[in-house]
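A.B. asks: My structure is in target37.pdb, and what it holds is PDB, C-alpha atoms, pLDDT in the B column:
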ATOM      1  CA  GLN A   1     125.998 134.074  81.457  1.00 85.00           C
ATOM      2  CA  VAL A   2     127.710 137.041  83.099  1.00 92.00           C
ATOM      3  CA  GLN A   3     127.216 140.666  82.189  1.00 95.00           C
ATOM      4  CA  LEU A   4     129.759 143.226  83.384  1.00 97.00           C
ATOM      5  CA  VAL A   5     129.121 146.970  83.511  1.00 97.00           C
ATOM      6  CA  ASP A   6     132.085 149.310  83.917  1.00 98.00           C
ATOM      7  CA  ALA A   7     131.580 152.744  85.414  1.00 98.00           C
ATOM      8  CA  GLY A   8     133.374 155.593  87.175  1.00 98.00           C
ATOM      9  CA  GLY A   9     135.560 156.998  84.444  1.00 98.00           C
ATOM     10  CA  GLY A  10     135.900 160.690  83.737  1.00 98.00           C
ATOM     11  CA  LEU A  11     138.205 163.631  83.242  1.00 98.00           C
ATOM     12  CA  VAL A  12     140.684 164.358  86.015  1.00 98.00           C
ATOM     13  CA  GLN A  13     143.818 166.452  86.400  1.00 98.00           C
ATOM     14  CA  ALA A  14     147.205 164.842  86.848  1.00 98.00           C
ATOM     15  CA  GLY A  15     147.699 163.866  90.472  1.00 98.00           C
ATOM     16  CA  GLY A  16     143.999 163.290  90.985  1.00 98.00           C
ATOM     17  CA  SER A  17     142.042 160.149  91.782  1.00 98.00           C
ATOM     18  CA  LEU A  18     139.206 158.102  90.344  1.00 98.00           C
ATOM     19  CA  ARG A  19     137.442 154.949  91.472  1.00 98.00           C
ATOM     20  CA  LEU A  20     136.211 152.593  88.798  1.00 98.00           C
ATOM     21  CA  SER A  21     133.605 149.943  89.432  1.00 98.00           C
ATOM     22  CA  CYS A  22     132.597 146.806  87.586  1.00 97.00           C
ATOM     23  CA  ALA A  23     129.182 145.434  88.474  1.00 96.00           C
ATOM     24  CA  ALA A  24     128.307 141.880  87.505  1.00 94.00           C
ATOM     25  CA  SER A  25     124.842 140.574  86.801  1.00 89.00           C
ATOM     26  CA  GLY A  26     123.275 137.475  85.345  1.00 85.00           C
ATOM     27  CA  SER A  27     125.428 135.196  87.422  1.00 83.00           C
ATOM     28  CA  THR A  28     127.766 135.541  90.350  1.00 82.00           C
ATOM     29  CA  VAL A  29     131.435 136.194  89.690  1.00 84.00           C
ATOM     30  CA  SER A  30     132.460 135.193  93.199  1.00 87.00           C
ATOM     31  CA  SER A  31     134.314 132.142  91.825  1.00 90.00           C
ATOM     32  CA  TYR A  32     136.094 134.101  89.088  1.00 94.00           C
ATOM     33  CA  SER A  33     139.354 135.967  89.195  1.00 95.00           C
ATOM     34  CA  MET A  34     138.732 139.520  88.043  1.00 96.00           C
ATOM     35  CA  GLY A  35     141.028 141.808  86.107  1.00 97.00           C
ATOM     36  CA  TRP A  36     141.265 145.374  84.889  1.00 98.00           C
ATOM     37  CA  PHE A  37     142.804 146.194  81.529  1.00 98.00           C
ATOM     38  CA  ARG A  38     143.162 149.431  79.605  1.00 98.00           C
ATOM     39  CA  GLN A  39     143.469 150.416  75.989  1.00 98.00           C
ATOM     40  CA  ALA A  40     144.842 153.712  74.758  1.00 97.00           C
ATOM     41  CA  PRO A  41     144.199 154.925  71.193  1.00 93.00           C
ATOM     42  CA  GLY A  42     146.296 152.998  68.695  1.00 95.00           C
ATOM     43  CA  LYS A  43     147.578 150.573  71.309  1.00 96.00           C
ATOM     44  CA  GLU A  44     146.845 147.019  72.378  1.00 97.00           C
ATOM     45  CA  ARG A  45     144.720 146.316  75.421  1.00 97.00           C
ATOM     46  CA  GLU A  46     147.108 145.950  78.356  1.00 97.00           C
ATOM     47  CA  PHE A  47     146.915 144.387  81.764  1.00 98.00           C
ATOM     48  CA  VAL A  48     146.501 146.705  84.753  1.00 98.00           C
ATOM     49  CA  ALA A  49     145.562 144.591  87.780  1.00 98.00           C
ATOM     50  CA  ALA A  50     143.883 141.354  88.828  1.00 98.00           C
ATOM     51  CA  ILE A  51     142.432 139.921  92.021  1.00 97.00           C
ATOM     52  CA  SER A  52     141.681 136.374  93.061  1.00 94.00           C
ATOM     53  CA  TRP A  53     138.164 135.232  93.920  1.00 92.00           C
ATOM     54  CA  SER A  54     139.024 135.327  97.641  1.00 92.00           C
ATOM     55  CA  SER A  55     140.817 138.711  97.467  1.00 91.00           C
ATOM     56  CA  ILE A  56     143.875 137.052  98.991  1.00 93.00           C
ATOM     57  CA  ILE A  57     145.987 137.628  95.873  1.00 95.00           C
ATOM     58  CA  SER A  58     146.206 140.831  93.882  1.00 96.00           C
ATOM     59  CA  VAL A  59     148.709 141.612  91.155  1.00 96.00           C
ATOM     60  CA  TYR A  60     149.575 144.818  89.336  1.00 97.00           C
ATOM     61  CA  ALA A  61     151.372 146.025  86.255  1.00 97.00           C
ATOM     62  CA  ASP A  62     154.617 147.769  87.155  1.00 97.00           C
ATOM     63  CA  SER A  63     153.303 151.007  85.667  1.00 97.00           C
ATOM     64  CA  VAL A  64     150.507 151.271  88.258  1.00 98.00           C
ATOM     65  CA  LYS A  65     152.031 149.535  91.282  1.00 98.00           C
ATOM     66  CA  GLY A  66     151.780 151.702  94.365  1.00 98.00           C
ATOM     67  CA  ARG A  67     149.183 154.008  92.773  1.00 98.00           C
ATOM     68  CA  PHE A  68     146.262 151.706  91.922  1.00 98.00           C
ATOM     69  CA  THR A  69     144.410 149.290  94.194  1.00 98.00           C
ATOM     70  CA  ILE A  70     142.062 146.544  93.049  1.00 98.00           C
ATOM     71  CA  SER A  71     139.404 145.223  95.398  1.00 98.00           C
ATOM     72  CA  ARG A  72     136.160 143.285  95.237  1.00 96.00           C
ATOM     73  CA  ASP A  73     132.949 142.809  97.158  1.00 95.00           C
ATOM     74  CA  ASN A  74     131.513 139.380  96.412  1.00 93.00           C
ATOM     75  CA  VAL A  75     128.266 140.196  98.213  1.00 93.00           C
ATOM     76  CA  LYS A  76     127.687 143.140  95.893  1.00 94.00           C
ATOM     77  CA  ASN A  77     129.153 141.233  92.929  1.00 94.00           C
ATOM     78  CA  THR A  78     131.333 144.250  92.203  1.00 96.00           C
ATOM     79  CA  VAL A  79     135.028 144.859  91.554  1.00 97.00           C
ATOM     80  CA  TYR A  80     136.740 148.214  92.072  1.00 98.00           C
ATOM     81  CA  LEU A  81     139.878 149.942  90.876  1.00 98.00           C
ATOM     82  CA  GLN A  82     141.009 152.839  93.028  1.00 98.00           C
ATOM     83  CA  MET A  83     143.369 154.995  90.987  1.00 98.00           C
ATOM     84  CA  ASN A  84     145.483 157.598  92.767  1.00 98.00           C
ATOM     85  CA  SER A  85     148.267 159.910  91.601  1.00 98.00           C
ATOM     86  CA  LEU A  86     146.962 159.686  88.072  1.00 98.00           C
ATOM     87  CA  LYS A  87     149.253 160.579  85.206  1.00 98.00           C
ATOM     88  CA  PRO A  88     148.466 161.630  81.608  1.00 97.00           C
ATOM     89  CA  GLU A  89     149.821 158.281  80.432  1.00 97.00           C
ATOM     90  CA  ASP A  90     147.021 156.562  82.366  1.00 98.00           C
ATOM     91  CA  THR A  91     144.555 157.960  79.821  1.00 98.00           C
ATOM     92  CA  ALA A  92     142.714 155.030  78.220  1.00 98.00           C
ATOM     93  CA  VAL A  93     139.475 153.117  78.106  1.00 98.00           C
ATOM     94  CA  TYR A  94     139.433 150.799  81.119  1.00 98.00           C
ATOM     95  CA  TYR A  95     137.792 147.370  80.930  1.00 98.00           C
ATOM     96  CA  CYS A  96     137.094 144.803  83.588  1.00 98.00           C
ATOM     97  CA  GLY A  97     137.130 141.121  82.788  1.00 97.00           C
ATOM     98  CA  ALA A  98     136.240 137.842  84.461  1.00 96.00           C
ATOM     99  CA  THR A  99     138.369 134.727  84.135  1.00 95.00           C
ATOM    100  CA  ARG A 100     138.400 131.248  85.628  1.00 93.00           C
ATOM    101  CA  VAL A 101     142.210 131.372  85.587  1.00 90.00           C
ATOM    102  CA  SER A 102     143.728 131.122  89.041  1.00 89.00           C
ATOM    103  CA  LEU A 103     146.197 133.780  90.129  1.00 90.00           C
ATOM    104  CA  ASN A 104     148.132 131.108  91.996  1.00 85.00           C
ATOM    105  CA  TYR A 105     149.719 129.548  88.932  1.00 81.00           C
ATOM    106  CA  GLY A 106     151.624 131.246  86.155  1.00 82.00           C
ATOM    107  CA  LEU A 107     150.758 134.476  84.411  1.00 87.00           C
ATOM    108  CA  SER A 108     147.668 133.474  82.429  1.00 90.00           C
ATOM    109  CA  TYR A 109     145.668 136.281  84.076  1.00 91.00           C
ATOM    110  CA  TYR A 110     147.887 138.697  82.144  1.00 92.00           C
ATOM    111  CA  TYR A 111     146.437 137.771  78.753  1.00 93.00           C
ATOM    112  CA  THR A 112     143.161 139.044  77.324  1.00 94.00           C
ATOM    113  CA  ASP A 113     142.313 135.744  75.616  1.00 94.00           C
ATOM    114  CA  ARG A 114     142.051 134.019  79.006  1.00 95.00           C
ATOM    115  CA  TYR A 115     139.090 136.173  80.018  1.00 96.00           C
ATOM    116  CA  ASP A 116     135.581 134.873  79.489  1.00 96.00           C
ATOM    117  CA  TYR A 117     133.578 138.068  79.988  1.00 97.00           C
ATOM    118  CA  TRP A 118     134.249 141.778  79.499  1.00 98.00           C
ATOM    119  CA  GLY A 119     132.646 145.013  80.475  1.00 98.00           C
ATOM    120  CA  GLN A 120     131.913 147.684  77.897  1.00 98.00           C
ATOM    121  CA  GLY A 121     134.705 149.949  79.100  1.00 98.00           C
ATOM    122  CA  THR A 122     134.838 153.343  80.762  1.00 98.00           C
ATOM    123  CA  GLN A 123     136.932 156.281  79.541  1.00 98.00           C
ATOM    124  CA  VAL A 124     139.573 157.755  81.839  1.00 98.00           C
ATOM    125  CA  THR A 125     141.229 160.985  80.693  1.00 98.00           C
ATOM    126  CA  VAL A 126     144.019 162.567  82.707  1.00 98.00           C
ATOM    127  CA  SER A 127     144.967 166.110  81.774  1.00 97.00           C
ATOM    128  CA  SER A 128     148.406 167.555  82.432  1.00 93.00           C
TER     129      SER A 128
END
Could you write out this structure as structure tokens?
C.D. replies:
Amino acid sequence: QVQLVDAGGGLVQAGGSLRLSCAASGSTVSSYSMGWFRQAPGKEREFVAAISWSSIISVYADSVKGRFTISRDNVKNTVYLQMNSLKPEDTAVYYCGATRVSLNYGLSYYYTDRYDYWGQGTQVTVSS
């Protein structure tokens, strides 16, 4: 069983930066692909970024490409999301998830129902 704890959210002005972390416990996630999703009030949870178990492959939603960077440290069992040039529309609760889906084939990593474990979420608020 894997437990994920999301942290690092907060209030930041537009143009600022935040670094989210997702710490895993209970079992290693080194063999899992890891993803970040976000959910704004009244909206569906949407894909933000994902990274393969080896860190060789990372993928991003078009809305965050060039501004956000996903990374992982398998020794620390932790995944990160560096968010730069934040915009008010980035305001949401951010969740990390763990999936056995490979990033090499298809777009399954894009869908929430393919994730086996979720963190509790961390609030990111970007003021204009």
A.B. asks: Excluding same-chain residues fewer than 5 positions from Ser31 (chain A), what lies within 10 Å of it counting all atoms listed in the file, as a list in words?
C.D. replies: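 Within the cut-off, the hits are Ser52, Trp53, Ser54, Asn74, Ala98, Thr99, Arg100 and Ser102 of chain A.
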A.B. asks: Do you have the CA of Ala14 (chain A)-CA of Tyr60 (chain A) distance handy?
C.D. replies: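 Going from CA of Ala14 (chain A) over to CA of Tyr60 (chain A), I get 20.3 Å.
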A.B. asks: Considering all atoms listed in the file, state which residue in the set A:Ser71, A:Glu44, A:Val29, A:Gly119 is at the smallest distance from Ile56 (chain A).
C.D. replies: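 Among A:Ser71, A:Glu44, A:Val29, A:Gly119, it is A:Ser71 that comes nearest to Ile56 (chain A).
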A.B. asks: Expanded to explicit residues, what is the PyMOL selection byres ((chain A and resi 69) around 9) for this file, as a list in words?
C.D. replies: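 When the PyMOL selection byres ((chain A and resi 69) around 9) is applied to the shown file, the picked residues are Ala49, Ser58, Tyr60, Val64, Lys65, Gly66, Arg67, Phe68, Ile70, Ser71, Tyr80, Leu81, Gln82, Met83 and Asn84 of chain A.
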A.B. asks: When the PyMOL selection byres ((chain A and resi 90-95) around 10) is applied to the structure above, which residues does it catch, written out as number ranges by chain?
C.D. replies: A: 4-12, 14, 20-22, 35-41, 43, 45-48, 63-64, 81, 83, 85-89, 96-97, 118-127
A.B. asks: I'd like the interatomic distance between CA of Ser27 (chain A) and CA of Val2 (chain A), to a tenth of an Å.
C.D. replies: 5.2 Å
A.B. asks: Report, in Å to a single decimal, how far apart CA of Asp62 (chain A) and CA of Met34 (chain A) are.
C.D. replies: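 It comes out at 17.9 Å.
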A.B. asks: May I have the residues at most 10 Å from (147.7, 136.3, 84.3) in the file's coordinates, counting all atoms listed in the file, as number ranges by chain?
C.D. replies: A: 33, 35, 47, 49-50, 59, 99, 101-112, 114-115
A.B. asks: Here's the selection I'm unsure about, the PyMOL selection byres ((chain A and resi 75) around 10); applied to the file above, which residues does it give, as a short mmCIF file (atom, residue, chain, number, x, y, z; two decimals) with C-alpha atoms, in the frame of the given file?
C.D. replies:
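For reference, expr_39.cif as written:
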data_model
loop_
_atom_site.label_atom_id
_atom_site.label_comp_id
_atom_site.auth_asym_id
_atom_site.auth_seq_id
_atom_site.Cartn_x
_atom_site.Cartn_y
_atom_site.Cartn_z
CA THR A 28 127.77 135.54 90.35
CA VAL A 29 131.44 136.19 89.69
CA SER A 30 132.46 135.19 93.20
CA ARG A 72 136.16 143.28 95.24
CA ASP A 73 132.95 142.81 97.16
CA ASN A 74 131.51 139.38 96.41
CA LYS A 76 127.69 143.14 95.89
CA ASN A 77 129.15 141.23 92.93
CA THR A 78 131.33 144.25 92.20
#
A.B. asks: From the set A:Ala61, A:Arg19, A:Tyr32, A:Gln13, which residue has the shortest atom-to-atom contact distance to Asp116 (chain A), counting all atoms listed in the file?
C.D. replies: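 Answer, going by the shortest atom-to-atom distance: A:Tyr32.
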A.B. asks: Set up a box along x, y and z of the file covering all listed atoms of region 53-57 of chain A, add 8 Å on every one of the six sides, and write the centre and edge lengths in Å to one decimal, as JSON.
C.D. replies:
{"center_x": 142.1, "center_y": 137.0, "center_z": 96.5, "size_x": 23.8, "size_y": 19.5, "size_z": 21.1}
